[in-house]
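Here the structure comes first, spelled out in structure tokens, and everything after it is commentary.
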Amino acid sequence: MQSIVSINNLSKIYDNNFQALKNINLDIRKNEIFALLGPNGAGKTTLISIICGIVNPTVGKVLVNEYDIIKDYRKTRSQIGLVPQELTLEQFEIVYNNVAYTRGLYGKVPNPDLIEKLLKDLSLWDKKDSKINELSGGMKRRVLIAKALSHEPSVLFLDEPSSGVDVELRQDMWKIIENLRDTGVTIILTTHYIEEAEAIADRVAVINNGEMIIVDDTENLIKSMGQKTLTIDLHEMINILPESLDQYDLEIMNNGLSINYRYDTQSKQTGITSLLQDMKESGLKLKDLKTEQSSLENIFVELVRENS
Amino acid sequence: MNFYAIRAIYFHEMDRMRRTIFQSILSPVISTSLYFIVFGSVIGGMIPQIDGVSYGSFIVPGLLMLTLLTQSISNSAFGIFFPKFTGSVYEVLAAPISSIEIIIGFVGASASKSLIVGVIILFTASFFVELQIQYPLLMLFLLILTCLTFSLFGFLIGLLSDNFEQLQVVPLIIITPLVFLGGSLYTIEMLPEFWQKVSYFNPVVYLINGMRWSFYGASDINIFISIVSLIGFLVACIVGVAIVISKGYGIKN
């Protein structure tokens with residue numbers, strides 16, 4: 001699939017000698033929702049700040065739609081919209097002017113119809129004459145999205161879009177992101193909310209200490225790295241496991257009324273059949289069975305722990 | 001050239017002036033008017049003429065310069081520092097705008113604000129003191145050049161400042177004393193010989209005397225030296241701002 005953002009051997013060392021990015025290589029595909037995961041200070045914001053032109057790279061090359069972000073900065077930046085992590089808005093300016101200002105900065109002819117549509121789509125039209133400091137946090141974030149879309153970008157960066165917003169607004173945000181993708185926009189979001197990436201991202205990259213640990217389709221990542229847990233509920237409480245079950249990775253749960261068995265979904269033999277057979281032979285009476293897929297969160301924690 | 005971006009920045013900054021009209025316009029006009037009333041009308045009547053001009057009229061160019069210099073610096077420094085402080089500078093940096101377009105937008109707006117204040121001050125002065133301008137075109141030229149030059153200087157200060165204290169240091173600790181000691185309220189000839197020589201090291205002396213010459217055709221310094229000094233400082237500011245902004249000091253690192 002065609003890349004819209006291509007990052008090659010990118011590194012960033014700040015003036016205080018802190019190395020925020022270490023030799024990053026990454027291709028982001030056209031019209032995908034791409035999630036950049038990582039703990040605080042991993043280098044997510046630095047990476048998107050470089051692509052957007054806010055921070056100068058130390059080494060490396062970034063192409064947006066095959067244009068270089070340094071040499072052809074006018075062409076690359078005009079294609080990019082950025083929703084920053086912080087609610088950085090001109091507090092005493094009204095909503096409409098704030099959005100129109102951004103469109104002007106991108107060299108676009110004033111287009112009141114487009115701004116009206118954006119504000120209506122983001123449920124901000126009735127607040128168009130309100131000053132920013134009169135809005136709630138969620139509304140301010142939507143103003144930032146309206147600003148980022150005011151020049152009709154083909155690539156939209158959202159830096160921690162759900163940071164500090166409630167569950168309802170977060171789900172609204174996800175709907176907005178998915179609608180944008182339907183209009184042909186490529187979405188790149190940074191987040192440390194794993195469920196956010198799991199819910200909406202086509203692909204996921206995990207970054208830690210400035211290094212890219214893994215890049216993969218969200219589903220593949222969960223499938224290939226995921227483990228499943230089989231929970232076996234028992235009729236009678238047990239304190240210790242029978243010796244005949246020592247060979248299995250078992251854990252007593254629920255005050256001795258359940259046993260958890262972790263197994264690899266990718267292995268040829270999961271060991272479930274023999275486990276159940278051995279349990280029967282050891283005299284344990286089964287009441288119920290259920291399985292659970294490990295989440296992206298478990299994978300993320302595992303990856304970051306291994307890398308640290 | 002991204003004209004829409006320049007226009008957006010320019011009007012965004014001018015809009016700030018509209019929102020803060022008391023601070024941007026009325027405050028400098030009122031404080032300068034107080035000088036005209038006290039030193040021009042009240043005390044000025046008791047002071048003999050200087051170079052054939054009443055004392056009240058004599059101080060107009062100096063006080064005009066004092067306001068232009070401090071307003072240009074603070075308008076421009078605040079204009080770029082405030083978005084840096086709030087973080088909203090990201091959208092200027094992320095937009096397809098060249099450094100020169102950013103400078104034209106911010107500095108143009110700052111110079112325009114100072115020019116508006118300067119014209120209002122001149123108009124106000126005419127109510128309190130007898131005002132005559134022998135070379136109005138030269139006066140306008142110096143007015144615009146001063147506003148542009150010191151707006152650029154202020155922009156440089158705003159780019160390099162990390163906090164509000166640094167933002168205020170240059171206008172309050174350097175510019176204001178230099179203007180007061182630069183012959184805004186007296187001629188250099190009134191000073192003892194030693195202090196006259198010291199005064200010639202004060203760059204503001206050349207600016208005030210240039211402006212005074214455009215009003216009354218007389219000053220301590222040759223008008224051409226004044227103009228060359230001002231243009232020299234303008235070039236130094238352009239070079240300074242170009243280096244700082246192209247390297248990204250204070251905003252991109």
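Ordering of the structure tokens sets the chain letters (A, B, ...), residue numbers begin anew at 1 in every chain, and ligands are numbered from 1 in the order given.
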Using only C-alpha atoms, which residues sit within 6 Å of range 143-159 of chain B once same-chain residues fewer than 5 positions away are excluded, as a ChimeraX atom specification? /B:72-73,76-77,80-81,107,110-111,234,237,241,250
To test your reading of the structure, identify every residue in range 132-230 of chain B that backbone DSSP assigns to alpha helix (DSSP H), and report it as a VMD selection string. chain B and resid 136 to 160 164 to 169 176 to 180 193 to 199 203 to 216 223 to 230
Residue list for chain B near chain A as a VMD selection string, 10 Å, only C-alpha atoms: chain B and resid 1 to 9 11 to 12 15 to 16 19 82 to 98 102 247 to 249 251 to 253
Save the residues we just selected, N, CA and C atoms, as a compact mmCIF listing (two decimals), in the first residue's frame?
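For reference, result23.txt as written:
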```txt
# COMPACT_ATOMS: atom_id res chain seq x y z
N MET B 1 5.21 33.61 -1.96
CA MET B 1 4.90 34.34 -0.72
C MET B 1 3.48 33.97 -0.25
N ASN B 2 3.37 33.61 1.03
CA ASN B 2 2.07 33.22 1.59
C ASN B 2 1.36 34.47 2.15
N PHE B 3 0.72 35.23 1.24
CA PHE B 3 0.11 36.51 1.63
C PHE B 3 -1.04 36.32 2.62
N TYR B 4 -1.78 35.23 2.44
CA TYR B 4 -2.91 34.98 3.36
C TYR B 4 -2.40 34.78 4.79
N ALA B 5 -1.24 34.11 4.89
CA ALA B 5 -0.68 33.87 6.23
C ALA B 5 -0.22 35.19 6.85
N ILE B 6 0.44 36.01 6.05
CA ILE B 6 0.89 37.32 6.57
C ILE B 6 -0.33 38.12 7.04
N ARG B 7 -1.35 38.10 6.19
CA ARG B 7 -2.58 38.83 6.53
C ARG B 7 -3.21 38.27 7.81
N ALA B 8 -3.22 36.93 7.91
CA ALA B 8 -3.82 36.30 9.09
C ALA B 8 -3.09 36.72 10.36
N ILE B 9 -1.74 36.65 10.33
CA ILE B 9 -0.96 37.02 11.52
C ILE B 9 -1.17 38.50 11.83
N PHE B 11 -3.65 40.63 11.08
CA PHE B 11 -4.95 41.00 11.64
C PHE B 11 -5.23 40.32 12.98
N HIS B 12 -4.64 39.14 13.18
CA HIS B 12 -4.77 38.46 14.48
C HIS B 12 -4.12 39.33 15.56
N ASP B 15 -6.05 42.52 16.08
CA ASP B 15 -7.25 42.21 16.84
C ASP B 15 -6.97 42.22 18.34
N ARG B 16 -5.75 41.78 18.69
CA ARG B 16 -5.36 41.79 20.10
C ARG B 16 -5.37 43.24 20.62
N ARG B 19 -8.83 44.28 21.33
CA ARG B 19 -9.36 43.70 22.57
C ARG B 19 -8.77 44.35 23.80
N PHE B 82 3.90 35.74 23.82
CA PHE B 82 2.65 35.23 24.37
C PHE B 82 2.26 33.87 23.75
N PRO B 83 2.29 33.73 22.41
CA PRO B 83 2.02 32.40 21.85
C PRO B 83 3.05 31.36 22.28
N LYS B 84 4.30 31.81 22.49
CA LYS B 84 5.32 30.87 22.99
C LYS B 84 4.94 30.40 24.39
N PHE B 85 4.50 31.35 25.21
CA PHE B 85 4.15 31.08 26.60
C PHE B 85 2.94 30.16 26.69
N THR B 86 1.91 30.42 25.87
CA THR B 86 0.70 29.59 25.93
C THR B 86 0.84 28.31 25.12
N GLY B 87 1.81 28.26 24.25
CA GLY B 87 2.01 27.06 23.42
C GLY B 87 1.35 27.16 22.06
N SER B 88 0.54 28.23 21.85
CA SER B 88 -0.18 28.32 20.58
C SER B 88 0.73 28.68 19.41
N VAL B 89 2.01 28.92 19.69
CA VAL B 89 2.97 29.20 18.61
C VAL B 89 3.12 27.99 17.69
N TYR B 90 2.67 26.81 18.19
CA TYR B 90 2.81 25.59 17.38
C TYR B 90 2.19 25.76 16.00
N GLU B 91 1.04 26.49 15.95
CA GLU B 91 0.35 26.54 14.66
C GLU B 91 1.05 27.46 13.68
N VAL B 92 1.79 28.43 14.20
CA VAL B 92 2.59 29.28 13.29
C VAL B 92 3.77 28.46 12.76
N LEU B 93 4.38 27.68 13.67
CA LEU B 93 5.55 26.88 13.27
C LEU B 93 5.16 25.74 12.33
N ALA B 94 3.96 25.20 12.53
CA ALA B 94 3.53 24.05 11.72
C ALA B 94 2.91 24.47 10.39
N ALA B 95 2.66 25.76 10.21
CA ALA B 95 2.02 26.23 8.98
C ALA B 95 3.06 26.42 7.87
N PRO B 96 2.61 26.37 6.61
CA PRO B 96 3.57 26.55 5.51
C PRO B 96 3.97 28.01 5.32
N ILE B 97 4.68 28.52 6.30
CA ILE B 97 5.08 29.94 6.28
C ILE B 97 6.59 30.02 6.41
N SER B 98 7.20 30.94 5.67
CA SER B 98 8.65 31.14 5.80
C SER B 98 8.91 32.07 6.98
N ILE B 102 6.63 35.21 8.68
CA ILE B 102 6.28 35.31 10.12
C ILE B 102 6.70 36.69 10.64
N LYS B 247 17.68 29.40 12.87
CA LYS B 247 18.25 28.33 13.71
C LYS B 247 17.19 27.74 14.67
N GLY B 248 16.10 28.46 14.80
CA GLY B 248 15.04 27.97 15.67
C GLY B 248 15.30 28.19 17.15
N TYR B 249 16.27 29.08 17.50
CA TYR B 249 16.57 29.33 18.91
C TYR B 249 15.31 29.79 19.64
N ILE B 251 12.47 28.64 20.01
CA ILE B 251 11.15 28.14 19.65
C ILE B 251 11.16 26.73 19.09
N LYS B 252 12.24 26.32 18.45
CA LYS B 252 12.21 25.00 17.81
C LYS B 252 13.13 23.98 18.47
N ASN B 253 13.82 24.36 19.52
CA ASN B 253 14.76 23.41 20.13
C ASN B 253 14.47 23.12 21.58
```
Based on the backbone DSSP call, show me all residues of range 201-233 of chain A assigned strand (DSSP E or B), as number ranges by chain. A: 203-208, 211-217, 227-233
Keeping only N, CA and C atoms, write the selected residues to a file as a PDB file, in the first residue's frame.
```pdb
ATOM      1  N   ARG A 203      -3.304   0.075  12.441  1.00  0.00           N
ATOM      2  CA  ARG A 203      -1.954  -0.400  12.771  1.00  0.00           C
ATOM      3  C   ARG A 203      -1.461   0.308  14.013  1.00  0.00           C
ATOM      4  N   VAL A 204      -0.511  -0.325  14.658  1.00  0.00           N
ATOM      5  CA  VAL A 204       0.004   0.194  15.921  1.00  0.00           C
ATOM      6  C   VAL A 204       1.526   0.151  15.893  1.00  0.00           C
ATOM      7  N   ALA A 205       2.143   1.211  16.439  1.00  0.00           N
ATOM      8  CA  ALA A 205       3.588   1.172  16.656  1.00  0.00           C
ATOM      9  C   ALA A 205       3.806   1.421  18.133  1.00  0.00           C
ATOM     10  N   VAL A 206       4.781   0.732  18.698  1.00  0.00           N
ATOM     11  CA  VAL A 206       5.105   0.972  20.107  1.00  0.00           C
ATOM     12  C   VAL A 206       6.488   1.595  20.153  1.00  0.00           C
ATOM     13  N   ILE A 207       6.572   2.745  20.834  1.00  0.00           N
ATOM     14  CA  ILE A 207       7.846   3.452  20.960  1.00  0.00           C
ATOM     15  C   ILE A 207       8.189   3.571  22.440  1.00  0.00           C
ATOM     16  N   ASN A 208       9.471   3.365  22.750  1.00  0.00           N
ATOM     17  CA  ASN A 208       9.901   3.488  24.143  1.00  0.00           C
ATOM     18  C   ASN A 208      11.339   3.972  24.166  1.00  0.00           C
ATOM     19  N   GLU A 211      13.025   4.652  20.903  1.00  0.00           N
ATOM     20  CA  GLU A 211      13.235   3.583  19.927  1.00  0.00           C
ATOM     21  C   GLU A 211      11.907   2.955  19.525  1.00  0.00           C
ATOM     22  N   MET A 212      11.793   2.623  18.235  1.00  0.00           N
ATOM     23  CA  MET A 212      10.586   1.966  17.750  1.00  0.00           C
ATOM     24  C   MET A 212      10.721   0.477  18.059  1.00  0.00           C
ATOM     25  N   ILE A 213       9.828  -0.040  18.904  1.00  0.00           N
ATOM     26  CA  ILE A 213       9.960  -1.443  19.321  1.00  0.00           C
ATOM     27  C   ILE A 213       9.277  -2.363  18.320  1.00  0.00           C
ATOM     28  N   ILE A 214       8.089  -1.978  17.897  1.00  0.00           N
ATOM     29  CA  ILE A 214       7.351  -2.855  16.986  1.00  0.00           C
ATOM     30  C   ILE A 214       6.340  -2.033  16.185  1.00  0.00           C
ATOM     31  N   VAL A 215       6.084  -2.451  14.952  1.00  0.00           N
ATOM     32  CA  VAL A 215       5.028  -1.854  14.127  1.00  0.00           C
ATOM     33  C   VAL A 215       4.263  -3.006  13.493  1.00  0.00           C
ATOM     34  N   ASP A 216       2.960  -3.030  13.668  1.00  0.00           N
ATOM     35  CA  ASP A 216       2.192  -4.143  13.103  1.00  0.00           C
ATOM     36  C   ASP A 216       0.705  -3.772  13.037  1.00  0.00           C
ATOM     37  N   ASP A 217      -0.063  -4.590  12.272  1.00  0.00           N
ATOM     38  CA  ASP A 217      -1.516  -4.419  12.278  1.00  0.00           C
ATOM     39  C   ASP A 217      -2.009  -4.700  13.694  1.00  0.00           C
ATOM     40  N   GLN A 227      -1.780 -13.942  24.363  1.00  0.00           N
ATOM     41  CA  GLN A 227      -1.969 -15.219  25.032  1.00  0.00           C
ATOM     42  C   GLN A 227      -3.425 -15.305  25.429  1.00  0.00           C
ATOM     43  N   LYS A 228      -3.906 -16.534  25.547  1.00  0.00           N
ATOM     44  CA  LYS A 228      -5.270 -16.694  26.031  1.00  0.00           C
ATOM     45  C   LYS A 228      -5.228 -17.285  27.432  1.00  0.00           C
ATOM     46  N   THR A 229      -6.242 -17.007  28.172  1.00  0.00           N
ATOM     47  CA  THR A 229      -6.346 -17.573  29.508  1.00  0.00           C
ATOM     48  C   THR A 229      -7.631 -18.398  29.577  1.00  0.00           C
ATOM     49  N   LEU A 230      -7.462 -19.664  30.007  1.00  0.00           N
ATOM     50  CA  LEU A 230      -8.621 -20.532  30.217  1.00  0.00           C
ATOM     51  C   LEU A 230      -8.921 -20.523  31.712  1.00  0.00           C
ATOM     52  N   THR A 231     -10.131 -20.101  32.059  1.00  0.00           N
ATOM     53  CA  THR A 231     -10.529 -20.088  33.467  1.00  0.00           C
ATOM     54  C   THR A 231     -11.463 -21.276  33.722  1.00  0.00           C
ATOM     55  N   ILE A 232     -11.059 -22.105  34.674  1.00  0.00           N
ATOM     56  CA  ILE A 232     -11.850 -23.312  34.985  1.00  0.00           C
ATOM     57  C   ILE A 232     -12.449 -23.133  36.381  1.00  0.00           C
ATOM     58  N   ASP A 233     -13.769 -23.061  36.436  1.00  0.00           N
ATOM     59  CA  ASP A 233     -14.448 -22.957  37.737  1.00  0.00           C
ATOM     60  C   ASP A 233     -14.657 -24.367  38.293  1.00  0.00           C
TER      61      ASP A 233
END
```
Residues within 10 Å of Gly210 in chain B, only C-alpha atoms, excluding chain neighbours under 2 positions, as a CSV table (one decimal) with C-alpha atoms, in the first residue's frame:
```
chain,number,residue,atom,x,y,z
B,61,PRO,CA,10.0,64.7,19.6
B,62,GLY,CA,11.8,63.2,22.6
B,138,LEU,CA,10.9,63.2,6.9
B,139,MET,CA,9.1,63.0,10.3
B,142,LEU,CA,11.6,58.5,10.8
B,204,VAL,CA,19.1,56.9,21.3
B,205,VAL,CA,20.6,60.5,21.2
B,206,TYR,CA,20.9,60.1,17.4
B,207,LEU,CA,17.3,58.9,17.1
B,208,ILE,CA,15.8,61.7,19.2
B,212,ARG,CA,13.8,66.8,16.6
B,213,TRP,CA,15.4,68.0,13.4
B,214,SER,CA,12.4,66.9,11.3
B,215,PHE,CA,10.2,69.1,13.7
B,217,GLY,CA,15.2,72.0,11.6
B,218,ALA,CA,17.7,72.1,14.5
B,219,SER,CA,19.3,69.5,16.6
B,220,ASP,CA,22.6,68.4,18.3
B,221,ILE,CA,23.4,65.8,15.7
B,222,ASN,CA,23.6,66.0,11.9
B,223,ILE,CA,20.4,64.6,10.4
B,224,PHE,CA,22.3,62.3,8.0
B,225,ILE,CA,24.2,60.7,10.9
B,226,SER,CA,20.9,60.1,12.7
B,227,ILE,CA,19.3,58.4,9.6
B,229,SER,CA,22.4,55.2,12.6
B,230,LEU,CA,18.8,54.2,12.5
```
Take CA of Asn220 in chain A and CA of Glu198 in chain A and report the distance between them in Å, one decimal.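 CA of Asn220 in chain A sits 11.4 Å away from CA of Glu198 in chain A.
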Give me the residues within 10 Å of range 118-131 of chain A as a list in words, counting only C-alpha atoms and dropping any in the same chain fewer than 4 places off.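 Near range 118-131 of chain A, the qualifying residues are Glu90, Gln91, Phe92, Glu93, Ile94, Val95, Tyr96, Asn97, Asn98, Val99, Pro112, Asp113, Leu114, Leu135, Met139, Lys140, Arg142, Val143, Ile145, Ala146, Lys147, Leu149, Ser150, Asp172, Met173 and Ile176 of chain A.
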Can you list, as a list of chain:residue names, every protein, DNA or RNA residue that comes within 9 Å of Leu21 in chain A when you count only C-alpha atoms, leaving out same-chain residues fewer than 3 positions away?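 What passes the distance filter is A:Leu10, A:Ser11, A:Lys12, A:Ile13, A:Ile24, A:Ala42, A:Gly43, A:Lys44, A:Thr46, A:Leu47, A:Asn209, A:Gly210, A:Glu211, A:Met212.
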Hey, can you spit out that residue selection with N, CA and C atoms as an mmCIF file, in the first residue's frame?
```
data_model
loop_
_atom_site.group_PDB
_atom_site.id
_atom_site.type_symbol
_atom_site.label_atom_id
_atom_site.label_comp_id
_atom_site.auth_asym_id
_atom_site.auth_seq_id
_atom_site.Cartn_x
_atom_site.Cartn_y
_atom_site.Cartn_z
ATOM 1 N N LEU A 10 15.611 8.569 11.474
ATOM 2 C CA LEU A 10 15.381 9.854 12.153
ATOM 3 C C LEU A 10 15.848 9.803 13.611
ATOM 4 N N SER A 11 16.665 10.809 13.974
ATOM 5 C CA SER A 11 17.110 10.936 15.368
ATOM 6 C C SER A 11 16.944 12.377 15.801
ATOM 7 N N LYS A 12 16.723 12.559 17.091
ATOM 8 C CA LYS A 12 16.629 13.915 17.630
ATOM 9 C C LYS A 12 17.374 13.999 18.961
ATOM 10 N N ILE A 13 18.320 14.922 19.019
ATOM 11 C CA ILE A 13 19.007 15.208 20.290
ATOM 12 C C ILE A 13 18.716 16.670 20.617
ATOM 13 N N ILE A 24 14.808 6.264 13.976
ATOM 14 C CA ILE A 24 13.441 5.782 13.718
ATOM 15 C C ILE A 24 13.230 5.568 12.210
ATOM 16 N N ALA A 42 8.313 8.851 25.923
ATOM 17 C CA ALA A 42 8.881 7.842 25.015
ATOM 18 C C ALA A 42 9.421 8.455 23.727
ATOM 19 N N GLY A 43 8.898 9.641 23.342
ATOM 20 C CA GLY A 43 9.346 10.281 22.100
ATOM 21 C C GLY A 43 8.226 10.469 21.087
ATOM 22 N N LYS A 44 6.975 10.173 21.502
ATOM 23 C CA LYS A 44 5.841 10.261 20.575
ATOM 24 C C LYS A 44 5.649 11.705 20.085
ATOM 25 N N THR A 46 7.703 14.233 20.200
ATOM 26 C CA THR A 46 8.863 14.723 19.431
ATOM 27 C C THR A 46 8.758 14.250 17.986
ATOM 28 N N LEU A 47 8.375 12.988 17.803
ATOM 29 C CA LEU A 47 8.286 12.431 16.455
ATOM 30 C C LEU A 47 7.268 13.205 15.607
ATOM 31 N N ASN A 209 11.644 4.901 25.048
ATOM 32 C CA ASN A 209 12.994 5.484 25.144
ATOM 33 C C ASN A 209 13.519 5.933 23.782
ATOM 34 N N GLY A 210 12.642 6.465 22.937
ATOM 35 C CA GLY A 210 13.056 6.983 21.630
ATOM 36 C C GLY A 210 13.277 5.927 20.577
ATOM 37 N N GLU A 211 13.025 4.652 20.903
ATOM 38 C CA GLU A 211 13.235 3.583 19.927
ATOM 39 C C GLU A 211 11.907 2.955 19.525
ATOM 40 N N MET A 212 11.793 2.623 18.235
ATOM 41 C CA MET A 212 10.586 1.966 17.750
ATOM 42 C C MET A 212 10.721 0.477 18.059
#
```
Can you work out the spacing between CA of Leu275 in chain A and CA of Tyr248 in chain A in Å, to one decimal?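 Taking CA of Leu275 in chain A and CA of Tyr248 in chain A, their separation equals 7.5 Å.
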